[in-house]
Every structure is written in structure tokens, then in C-alpha cells.
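Report on the following structure.
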Amino acid sequence: MKIRTLLFAVLTLLAGPVCPAKDTCFDCHRVMEGMSRVFTNDIHFSNSISCAVCHGGDPNEPDQNISMNASRGFKVRVTRQGIPDFCGKCHSDTNVMGKYQAQPRVDQLAKYKTSVHGKLLATGRKRVAECVDCHAVHTTRAVTDPLSTASPKRVSQTCSKCHADSGEAFANTEHARRFTTQRRPGCTVCHSDHDIQPATTAMLTGATSVCAPCHEPGTEPARLAEDMAQVLGGLEAAGPASKDALDRARVAVHTMDLAALKKAAAAGKLDTSTTVSGVVLDGAAAKVTTSAGSENWRLDEGLWCRAP
């Protein structure tokens with residue numbers, strides 16, 4: 001019995017991913033150019049999840065004019081704003097995910113909606129990360145798959161598609177070399193994954209800092225974090241006039257090099273030919289007058305930035 005069970009398991013693995021027994025979506029789209037051909041590498045395909053589960057329609061109907069008709073449940077393309085809830089219909093449902101995982105994680109959607117990405121997407125912003133930007137579409141793989149865009153060795157590259165400057169600063173550091181395991185997967189070690197919050201100086205110091213789980217207080221790395229936090233804190237205290245310097249310094253933090261951080265902070269300061277002659281505060285708004293003219297600023301997530 002044990003031999004037959006083992007043989008069945010081996011044959012199942014060798015068979016590879018299979019689509020549902022009858023699926024007219026696959027019959028056509030598997031031989032067409034584009035995303036549908038690479039879908040055979042997707043984790044949904046390997047779990048026999050039909051195109052119709054996401055796109056609607058009737059996978060049993062051979063006539064595409066009928067199978068891809070609204071009367072058969074076919075859905076139009078989902079907007080970027082709608083993707084988190086669209087994916088979340090399955091991925092936040094324990095009953096659905098329990099079919100594929102013994103202990104499914106179903107908190108991703110709820111966490112995403114509290115994140116800086118989720119909040120910006122909810123305002124209508126289009127250039128902000130949602131599910132498929134990080135996990136891909138039609139080529140989605142399990143995060144444990146080395147080829148997954150969200151795998152420990154590749155997630156930092158995925159983040160760098162949007163955060164290119166920070167990614168470049170981080171790439172050659174000791175952290176980048178070490179943060180490639182399931183226990184420490186790239187950028188998410190410090191920034192989390194689905195519930196990413198705006199970066200703050202508080203991330204660098206204190207018992208709840210992102211450094212604390214790895215670096216004991218008083219050690220060289222902990223002191224470096226404190227020194228970097230002091231530079232950033234000074235720029236934050238300077239208000240709107242140091243916004244550009246603060247942006248550059250926050251990117252330089254990823255080098256874990258205090259000299260590089262100070263250089264970036266200095267490079268971003270107002271030129272000596274540009275002097276601030278007045279700042280008028282009105283709650284979360286400010287009018288900054290310089291020798292180059294006047295600008296409107298606003299307080300956003302605890303930081304001053306130019307008002308659109």
C-alpha cells in the first residue's frame with residue numbers, strides 16, 4: 001500500500017499542472033499569443049482554477065460569442081482601483097483558500113487597505129502598487145517559488161520597479177546580501193509586506209524600531225541607526241524648507257552609510273542664493289516665501305510637501 005501511494009504521488013508530480021477537464025477558455029487561449037500562453041506557469045493554473053473563476057463566462061460553451069457574453073457572467077476588465085477587492089474575494093475567504101492550503105493566510109486585503117499603497121489607491125491614484133504589481137498577473141507564482149516576483153530573492157527587485165533610487169542604494173549593502181531567505185525576505189523585513197506604512201524616523205530608534213529585532217541597543221549597528229535618525233530628525237524639524245533634503249536623505253538611509261546620508265542631506269538643502277524670508281502657517285497648510293518666489297505647502301502623513 002505504501003509503495004502504491006508513493007508511486008501515485010510521484011506520478012502526480014511528474015504530470016505537472018493541469019487545467020480543468022473541460023475548459024473552452026484554455027482550448028483557445030493556450031495557443032494564442034500573449035499572457036494566456038504563459039498562464040501555464042501560474043499557480044492558479046496549477047491548481048486547476050479556470051479563467052472563468054476570475055473573468056467569468058462559460059468555460060463549457062465552445063462558441064466564444066456565447067461563452068464570453070454578459071448573460072453567461074463574463075466580466076469586463078477590472079480597474080486598478082478594483083483589483084484588491086477582486087483578488088480579495090478569494091484570498092480573504094478561509095473557505096476558499098482552505099481548499100489549497102492547510103493553514104491559509106487571509107489577512108492580506110485587510111492589511112493592504114491600511115497601508116500607504118492601499119490608502120493612496122483608494123483616493124484614485126493610479127501610479128500606486130496593488131496586487132498584480134507585486135505578484136504579477138497570469139504568471140503569479142507561490143512566494144516560496146524562486147521565480148516568484150515576491151520570493152525572498154526577488155522581492156527587492158520588484159519593489160525597485162517603483163522605488164528605483166532606494167533599490168539602487170540598498171542593492172550593494174550587507175542587508176541586501178542577507179535579506180534573501182524566507183525568514184528575512186528583502187525589503188519586507190523593515191517595511192512589512194501588505195500593510196506598509198509611510199517611512200518615519202521612528203523606524204530607526206527605540207524598542208519598536210525595525211532595527212531592534214536584529215541589533216541589540218548599544219551595538220555599532222544600533223548606534224548607526226541612532227545617528228541616521230538624528231540627521232533625519234533635524235531635517236524634519238526644519239520644516240518645508242528642507243523637504244528636498246529629507247527626500248534625498250531617506251533614500252540614502254538604504255545605503256546604511258552615515259557619510260552617504262549626510263552628503264545626500266547636504267546636497268538637498270536650499271542653495272545659499274535661495275533664502276527663506278517667511279513662513280506663514282495655517283493649520284496643516286503653509287505659504288513659504290523665498291527669494292525665488294512663494295510656494296504653497298501642506299502637511300501630509302506628518303511630513304511637509306509642496307501642495308499640488
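Each chain in the C-alpha cells gets a letter, A, B and so on, in the order shown; residues start at 1 in every chain, and ligands are counted from 1 in the order they appear.
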
Need to verify the contact set: Cys25 in chain A, 8 Å, only C-alpha atoms, exclusion of same-chain residues closer than 4 positions in sequence. Can you return it as a list in words?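 Everything that qualifies: His29, Ser50, Cys51, Ala52 and Pro59 of chain A.
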
In range 152-286 of chain A, DSSP strand (DSSP E) residues written as a PyMOL selection string: chain A and resi 276-282+285-286

Tell me which of A:Val106, A:Ala150, A:Leu204, A:Val210 sits closest to Val231 in chain A, counting only C-alpha atoms.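 Smallest separation from Val231 in chain A among the options: A:Leu204.
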
In terms of the shortest atom-to-atom distance over only C-alpha atoms, which of A:Val96, A:Cys131, A:Met68, A:Val116 is closest to Thr149 in chain A? A:Cys131

The distance between CA of Asp133 in chain A and CA of Asp107 in chain A is 18.5 Å

Among the residues of range 188-276 of chain A, find those DSSP assigns to helix (DSSP H, G or I) from the backbone and print them as a PyMOL selection string. chain A and resi 188-191+201-204+220-237+239-255+258-267

With only C-alpha atoms as the counted atoms, please give the residues lying no more than 12 Å from Arg223 in chain A, apart from itself and same-chain residues fewer than 3 positions off, as an mmCIF file with N, CA and C atoms, in the first residue's frame.
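To be explicit, this is the file written out as part-v1.cif:
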```
data_model
loop_
_atom_site.group_PDB
_atom_site.id
_atom_site.type_symbol
_atom_site.label_atom_id
_atom_site.label_comp_id
_atom_site.auth_asym_id
_atom_site.auth_seq_id
_atom_site.Cartn_x
_atom_site.Cartn_y
_atom_site.Cartn_z
ATOM 1 N N LEU A 204 13.833 53.900 13.048
ATOM 2 C CA LEU A 204 15.250 53.637 13.277
ATOM 3 C C LEU A 204 15.664 53.520 14.739
ATOM 4 N N THR A 205 14.845 54.017 15.643
ATOM 5 C CA THR A 205 15.267 54.044 17.048
ATOM 6 C C THR A 205 14.209 53.487 17.979
ATOM 7 N N GLY A 206 14.661 53.078 19.160
ATOM 8 C CA GLY A 206 13.744 52.609 20.187
ATOM 9 C C GLY A 206 13.460 51.122 20.114
ATOM 10 N N CYS A 211 15.019 48.032 13.448
ATOM 11 C CA CYS A 211 16.374 47.528 13.685
ATOM 12 C C CYS A 211 16.441 46.633 14.929
ATOM 13 N N ALA A 212 15.554 46.900 15.887
ATOM 14 C CA ALA A 212 15.619 46.250 17.199
ATOM 15 C C ALA A 212 15.575 44.722 17.173
ATOM 16 N N HIS A 215 19.357 43.955 16.098
ATOM 17 C CA HIS A 215 20.507 44.653 16.667
ATOM 18 C C HIS A 215 20.239 45.114 18.102
ATOM 19 N N GLU A 216 21.054 44.619 19.013
ATOM 20 C CA GLU A 216 20.920 44.974 20.428
ATOM 21 C C GLU A 216 21.274 46.457 20.647
ATOM 22 N N PRO A 217 20.605 47.120 21.603
ATOM 23 C CA PRO A 217 20.947 48.512 21.926
ATOM 24 C C PRO A 217 22.418 48.636 22.311
ATOM 25 N N GLY A 218 23.070 49.700 21.845
ATOM 26 C CA GLY A 218 24.460 49.933 22.186
ATOM 27 C C GLY A 218 25.460 49.315 21.232
ATOM 28 N N THR A 219 24.992 48.422 20.353
ATOM 29 C CA THR A 219 25.896 47.826 19.376
ATOM 30 C C THR A 219 26.171 48.839 18.263
ATOM 31 N N GLU A 220 27.203 48.574 17.489
ATOM 32 C CA GLU A 220 27.570 49.502 16.410
ATOM 33 C C GLU A 220 26.425 49.749 15.430
ATOM 34 N N GLU A 226 20.819 55.248 15.238
ATOM 35 C CA GLU A 226 20.528 56.440 16.030
ATOM 36 C C GLU A 226 21.126 57.695 15.387
ATOM 37 N N ASP A 227 22.332 57.573 14.852
ATOM 38 C CA ASP A 227 22.974 58.716 14.193
ATOM 39 C C ASP A 227 22.207 59.120 12.938
ATOM 40 N N MET A 228 21.751 58.137 12.198
ATOM 41 C CA MET A 228 20.979 58.438 10.991
ATOM 42 C C MET A 228 19.649 59.093 11.360
ATOM 43 N N ALA A 229 19.038 58.600 12.428
ATOM 44 C CA ALA A 229 17.768 59.174 12.882
ATOM 45 C C ALA A 229 17.949 60.630 13.305
ATOM 46 N N GLN A 230 19.094 60.940 13.887
ATOM 47 C CA GLN A 230 19.364 62.312 14.310
ATOM 48 C C GLN A 230 19.442 63.253 13.103
ATOM 49 N N MET A 256 22.904 52.411 4.398
ATOM 50 C CA MET A 256 23.433 52.127 5.731
ATOM 51 C C MET A 256 24.820 52.733 5.905
ATOM 52 N N LEU A 258 26.509 56.361 7.015
ATOM 53 C CA LEU A 258 26.222 57.674 7.600
ATOM 54 C C LEU A 258 26.808 58.799 6.750
#
```

Near-range 170-180 of chain A list (6 Å; only C-alpha atoms; drop same-chain fewer than 2 positions) as a PyMOL selection string: chain A and resi 152-153+167-168+184-186+254-255

Output of the above residues as a PDB file, in the first residue's frame, restricted to N, CA and C atoms:
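Just written: again.pdb:
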```
ATOM      1  N   PRO A 152      11.731  35.672  -1.668  1.00  0.00           N
ATOM      2  CA  PRO A 152      12.743  36.379  -0.875  1.00  0.00           C
ATOM      3  C   PRO A 152      13.898  36.948  -1.687  1.00  0.00           C
ATOM      4  N   LYS A 153      14.328  36.231  -2.720  1.00  0.00           N
ATOM      5  CA  LYS A 153      15.477  36.693  -3.502  1.00  0.00           C
ATOM      6  C   LYS A 153      15.101  37.713  -4.572  1.00  0.00           C
ATOM      7  N   GLY A 167      16.085  51.280  -4.153  1.00  0.00           N
ATOM      8  CA  GLY A 167      16.550  49.953  -4.520  1.00  0.00           C
ATOM      9  C   GLY A 167      18.014  49.944  -4.911  1.00  0.00           C
ATOM     10  N   GLU A 168      18.428  50.969  -5.647  1.00  0.00           N
ATOM     11  CA  GLU A 168      19.829  51.071  -6.051  1.00  0.00           C
ATOM     12  C   GLU A 168      20.733  51.292  -4.840  1.00  0.00           C
ATOM     13  N   ARG A 184      13.936  36.289   6.275  1.00  0.00           N
ATOM     14  CA  ARG A 184      14.238  37.708   6.048  1.00  0.00           C
ATOM     15  C   ARG A 184      14.126  38.011   4.554  1.00  0.00           C
ATOM     16  N   PRO A 185      12.895  38.223   4.071  1.00  0.00           N
ATOM     17  CA  PRO A 185      12.681  38.424   2.639  1.00  0.00           C
ATOM     18  C   PRO A 185      12.763  39.886   2.178  1.00  0.00           C
ATOM     19  N   GLY A 186      13.969  40.322   1.817  1.00  0.00           N
ATOM     20  CA  GLY A 186      14.165  41.622   1.195  1.00  0.00           C
ATOM     21  C   GLY A 186      13.587  42.815   1.938  1.00  0.00           C
ATOM     22  N   HIS A 254      19.080  53.785   2.936  1.00  0.00           N
ATOM     23  CA  HIS A 254      19.170  52.407   2.480  1.00  0.00           C
ATOM     24  C   HIS A 254      20.603  51.964   2.193  1.00  0.00           C
ATOM     25  N   THR A 255      21.542  52.906   2.133  1.00  0.00           N
ATOM     26  CA  THR A 255      22.950  52.534   1.964  1.00  0.00           C
ATOM     27  C   THR A 255      23.562  52.058   3.274  1.00  0.00           C
TER      28      THR A 255
END
```
